[in-house]
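Asks: The structure is given below, and queries will be raised subsequently.
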Amino acid sequence: MSLLVTGIGELVTNDPALGRGPLGLLTDAAVVVADGGVAWTGPATAAPDADARMDLGGRAVVPGFVDSHAHLVFAGDRAEEFEARMSGARYDGGGIGTTVAATRAASDEELRGRLRGLVAEMRRQGTTTVEVKSGYGLTVEDEARSLRLAAEVTAETTFLGAHVVPSEYGGRSDAYVDLVTGPMLAACAPHARWADVFCEPGSPHAFDGDQARAVLAAGRAAGLGLRVHANQLTAGPGVQLAVDLGAASADHCTHLSAADVDALAGGTTVATLLPGVEFSTRSPYPDARRLLDAGATVALATDCNPGSCFTSSMAFCVALAVREMRMTPAEAVWAATAGGAAALRRTDVGHLAPGARADLAVLDAPSYRHLAYRPGVPLVRALELPG
Ligand code: NIG
Ligand code: FE
């Protein structure tokens, strides 16, 4: 059964062969959807027939957001930590231990309920692909459990046993790295597509460059793709490690040296910016312009987590990227869709050319620009297709 979606006032395809500019923009467009995929995209006047029709009344359509960085398997709440930060307390990752204790104590049902609730909340705001990390279990059993739950809601599951060193190991600990790269990885790899590490010599809770390299090398040897929490608090070794190892993405990129920017511009590693974190930790924003102007591929993601940034809204991140990081609305929307897909090395999402997954996000607005122009307004949702 095929469906002709028509009445699309403005369509972002992200395919320059289909429309204007890097967004492949079309006005008065139509899309034919069949078997969960895009079968045809073009001007409404040229649309082929289909079994059924849906008229969007002139609304804008963008590819569903690809949120390539989120921590959704957790229990508990850190609103008081947020409140303290707003009064001047610094973020250093120490609060992660609070969430680890709550997550270990939670039942599968509690974790699953929270996880599914957040994925549904994202979908209602236009996100159709989400990556989900472990990282609040930090025992062999609790990390494997987190990933089993994550795999129920997404194919983009990431093993983050190296999130922080859990308190039972004391400070920065090679013994814990041995656990992560040994039995924990063995138990988690069957449920994960990616391995990640919080590489941050500036945090007493996270991992230094040598430890991060060991974690990533072990992940790669286990067949996992690589991603890195890099350069969030200081200009540490994370970004260059990510590029060296051919990681799909270096995430945060808040503090970059000139060599870091060159490495990202010259490699295949996507720079994933998480401006909700800077908003929620009252920190300086990453220099998106410098990355874009150097030729790096930039993605935007929420980093949705109970500590450093508890937003599920990609539209909010787009607005921050435009207002605070001086990305153009077009650059920001591309980064939140095609950029996220690049960061996950996916070619079936983040665009709306024939062959893509039929992930359409519809705006109660005439143009994608309204995502930044109308901050905080719930304009965008995933389009629910019949059947
Ligand atoms: O990406 N930086 C490390 N991890 C998360 C925060 C997790 C937390 O604070 O609970 C991040 O910001
Ligand atoms: Fe994160």
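Residues are named by chain letter and number: chains run A, B, ... in the order of the structure tokens, numbers start at 1 in each chain, and ligands are numbered from 1 in the order shown.
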List all protein, DNA and RNA residues that have an atom no more than 9 Å from any atom of ligand 2, counting only C-alpha atoms and all ligand atoms, and report them as an MDAnalysis selection string.
Replies: chainID A and resid 69:71 133 163 198 229 251:252 274 277 302:305 308:309
Asks: List the neighbours of Thr27 in chain A out to 7 Å using only C-alpha atoms; skip same-chain residues closer than 4 positions along the sequence, and give me the result as a ChimeraX atom specification.
Replies: /A:9-11
Asks: Which neighbours of Leu383 in chain A fall inside 7 Å, counting only C-alpha atoms, when residues of the same chain fewer than 6 positions from it are skipped, and could you give them as a list of chain:residue names?
Replies: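 What passes the distance filter is A:Leu360, A:Ala361, A:Val362.
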Asks: Let's have the selection written as a compact mmCIF listing (two decimals), in the first residue's frame, with C-alpha atoms.
Replies:
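Generated file (out_12.txt):
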# COMPACT_ATOMS: atom_id res chain seq x y z
CA LEU A 360 9.14 12.55 8.17
CA ALA A 361 8.89 15.28 10.78
CA VAL A 362 6.15 17.82 10.23
Asks: With only C-alpha atoms as the counted atoms, please give the residues lying no more than 9 Å from range 329-331 of chain A, apart from itself and same-chain residues fewer than 4 positions off, as a PDB file with N, CA and C atoms, in the first residue's frame.
Replies:
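File written: out14.pdb
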ATOM      1  N   PRO A  22      22.243  23.049   0.010  1.00  0.00           N
ATOM      2  CA  PRO A  22      22.631  21.824   0.722  1.00  0.00           C
ATOM      3  C   PRO A  22      21.442  21.094   1.345  1.00  0.00           C
ATOM      4  N   LEU A  23      20.354  21.829   1.643  1.00  0.00           N
ATOM      5  CA  LEU A  23      19.175  21.158   2.219  1.00  0.00           C
ATOM      6  C   LEU A  23      18.315  20.498   1.150  1.00  0.00           C
ATOM      7  N   LEU A 292      32.955  24.475  11.189  1.00  0.00           N
ATOM      8  CA  LEU A 292      32.298  24.485   9.872  1.00  0.00           C
ATOM      9  C   LEU A 292      33.186  25.164   8.840  1.00  0.00           C
ATOM     10  N   VAL A 298      29.644  18.566  10.994  1.00  0.00           N
ATOM     11  CA  VAL A 298      29.106  18.862  12.328  1.00  0.00           C
ATOM     12  C   VAL A 298      27.719  18.239  12.478  1.00  0.00           C
ATOM     13  N   VAL A 318      18.645  22.952  18.022  1.00  0.00           N
ATOM     14  CA  VAL A 318      18.756  23.740  16.781  1.00  0.00           C
ATOM     15  C   VAL A 318      18.704  25.229  17.113  1.00  0.00           C
ATOM     16  N   ALA A 319      17.774  25.602  17.973  1.00  0.00           N
ATOM     17  CA  ALA A 319      17.649  27.023  18.337  1.00  0.00           C
ATOM     18  C   ALA A 319      18.924  27.510  19.037  1.00  0.00           C
ATOM     19  N   ALA A 321      21.912  26.269  18.672  1.00  0.00           N
ATOM     20  CA  ALA A 321      23.003  26.274  17.688  1.00  0.00           C
ATOM     21  C   ALA A 321      22.983  27.560  16.871  1.00  0.00           C
ATOM     22  N   VAL A 322      21.787  28.017  16.564  1.00  0.00           N
ATOM     23  CA  VAL A 322      21.664  29.232  15.748  1.00  0.00           C
ATOM     24  C   VAL A 322      21.953  30.469  16.598  1.00  0.00           C
ATOM     25  N   ALA A 335      22.613  19.626  10.471  1.00  0.00           N
ATOM     26  CA  ALA A 335      23.398  18.942  11.502  1.00  0.00           C
ATOM     27  C   ALA A 335      22.518  18.044  12.381  1.00  0.00           C
ATOM     28  N   ALA A 336      21.266  18.440  12.588  1.00  0.00           N
ATOM     29  CA  ALA A 336      20.359  17.681  13.451  1.00  0.00           C
ATOM     30  C   ALA A 336      19.726  16.488  12.725  1.00  0.00           C
ATOM     31  N   TYR A 368      11.382  25.457   7.738  1.00  0.00           N
ATOM     32  CA  TYR A 368      12.322  24.890   8.725  1.00  0.00           C
ATOM     33  C   TYR A 368      12.933  25.982   9.607  1.00  0.00           C
ATOM     34  N   ARG A 369      12.979  27.215   9.098  1.00  0.00           N
ATOM     35  CA  ARG A 369      13.582  28.323   9.864  1.00  0.00           C
ATOM     36  C   ARG A 369      12.857  28.554  11.181  1.00  0.00           C
ATOM     37  N   HIS A 370      11.574  28.175  11.208  1.00  0.00           N
ATOM     38  CA  HIS A 370      10.794  28.403  12.426  1.00  0.00           C
ATOM     39  C   HIS A 370      11.305  27.578  13.602  1.00  0.00           C
ATOM     40  N   LEU A 371      12.084  26.531  13.333  1.00  0.00           N
ATOM     41  CA  LEU A 371      12.629  25.736  14.445  1.00  0.00           C
ATOM     42  C   LEU A 371      13.514  26.602  15.335  1.00  0.00           C
ATOM     43  N   ALA A 372      14.241  27.555  14.721  1.00  0.00           N
ATOM     44  CA  ALA A 372      15.080  28.466  15.497  1.00  0.00           C
ATOM     45  C   ALA A 372      14.369  29.784  15.793  1.00  0.00           C
ATOM     46  N   TYR A 373      13.506  30.177  14.894  1.00  0.00           N
ATOM     47  CA  TYR A 373      12.799  31.459  14.976  1.00  0.00           C
ATOM     48  C   TYR A 373      11.766  31.451  16.109  1.00  0.00           C
TER      49      TYR A 373
END
Asks: Quick one: residues within 9 Å of Ala212 in chain A, only C-alpha atoms counted, chain neighbours fewer than 4 positions away excluded, as a ChimeraX atom specification?
Replies: /A:162,177,196-200,207-208,216-217,228,238,241
Asks: DSSP on the backbone: what in range 87-321 of chain A comes out strand (DSSP E or B), as an MDAnalysis selection string?
Replies: chainID A and resid 127:130 132:133 157:162 194:199 207 225:230 249:252 270:273 298:300 304
Asks: Kindly save the residues from that selection, with C-alpha atoms included, as a tab-separated table (two decimals), in the first residue's frame.
Replies:
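Dumped to again-v8.tsv:
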chain	number	residue	atom	x	y	z
A	127	THR	CA	13.10	12.56	16.64
A	128	THR	CA	12.85	9.30	14.69
A	129	THR	CA	16.31	7.82	15.31
A	130	VAL	CA	18.05	7.86	18.68
A	132	VAL	CA	21.16	5.12	23.54
A	133	LYS	CA	24.19	4.57	25.77
A	157	THR	CA	23.18	1.00	21.23
A	158	THR	CA	26.44	2.15	22.78
A	159	PHE	CA	28.51	0.47	25.47
A	160	LEU	CA	29.72	3.18	27.88
A	161	GLY	CA	31.09	1.12	30.74
A	162	ALA	CA	33.90	3.69	30.75
A	194	TRP	CA	29.23	1.12	19.46
A	195	ALA	CA	31.80	1.60	22.22
A	196	ASP	CA	32.29	4.99	23.87
A	197	VAL	CA	34.47	6.45	26.65
A	198	PHE	CA	34.39	9.66	28.71
A	199	CYS	CA	37.95	10.80	27.91
A	207	PHE	CA	39.46	8.52	31.94
A	225	GLY	CA	32.25	1.01	16.08
A	226	LEU	CA	33.76	3.87	18.08
A	227	ARG	CA	32.53	7.17	19.53
A	228	VAL	CA	34.20	9.36	22.14
A	229	HIS	CA	33.08	11.87	24.80
A	230	ALA	CA	35.89	14.26	23.92
A	249	SER	CA	32.11	10.74	16.11
A	250	ALA	CA	33.83	12.94	18.68
A	251	ASP	CA	31.15	14.35	20.93
A	252	HIS	CA	31.09	17.65	22.89
A	270	VAL	CA	32.04	13.81	12.80
A	271	ALA	CA	32.16	16.64	15.37
A	272	THR	CA	28.97	16.20	17.37
A	273	LEU	CA	28.05	19.34	19.29
A	298	VAL	CA	29.11	18.86	12.33
A	299	ALA	CA	26.19	17.05	13.98
A	300	LEU	CA	23.86	18.26	16.71
A	304	CYS	CA	19.68	13.79	26.95
Asks: What's around Asp348 in chain A at 12 Å? Count only C-alpha atoms, leave out sequence neighbours fewer than 2 positions away in its own chain, and write the answer as a list of chain:residue names.
Replies: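 In the requested form, the answer reads A:Gly36, A:Gly37, A:Val38, A:Pro63, A:Gly64, A:Val66, A:Thr128, A:Thr129, A:Thr337, A:Ala338, A:Gly340, A:Ala341, A:Ala342, A:Leu344, A:Arg345, A:Arg346, A:Gly350, A:His351, A:Leu352, A:Ala353, A:Pro354, A:Gly355, A:Ala356, A:Arg357, A:Ala358, A:Asp359.
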Asks: Which of these residues is nearest to ligand 1, using only C-alpha atoms and all ligand atoms: A:Arg123, A:Arg59, A:Arg116, A:His205?
Replies: A:His205
Asks: Based on DSSP run over this structure's backbone, return all residues of range 93-331 of chain A in helix (DSSP H, G or I), as a PyMOL selection string.
Replies: chain A and resi 96-105+108-123+140-151+167-169+174-191+209-221+238-244+258-266+275-281+288-294+314-325+329-331
Asks: Which one is closest to ligand 1: A:Met54, A:Ala79, A:Ala265, A:Val62? Count only C-alpha atoms and all ligand atoms.
Replies: A:Ala79
Asks: In Å, how far is it from CA of Phe310 in chain A to atom 10 (O, counted along the ligand's line) of ligand 1?
Replies: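 Taking CA of Phe310 in chain A and atom 10 (O, counted along the ligand's line) of ligand 1, their separation equals 9.1 Å.
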Asks: Kindly give the distance, in Å, that separates CA of Asp108 in chain A and CA of Ala187 in chain A, rounded to a single decimal.
Replies: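 CA of Asp108 in chain A sits 17.3 Å away from CA of Ala187 in chain A.
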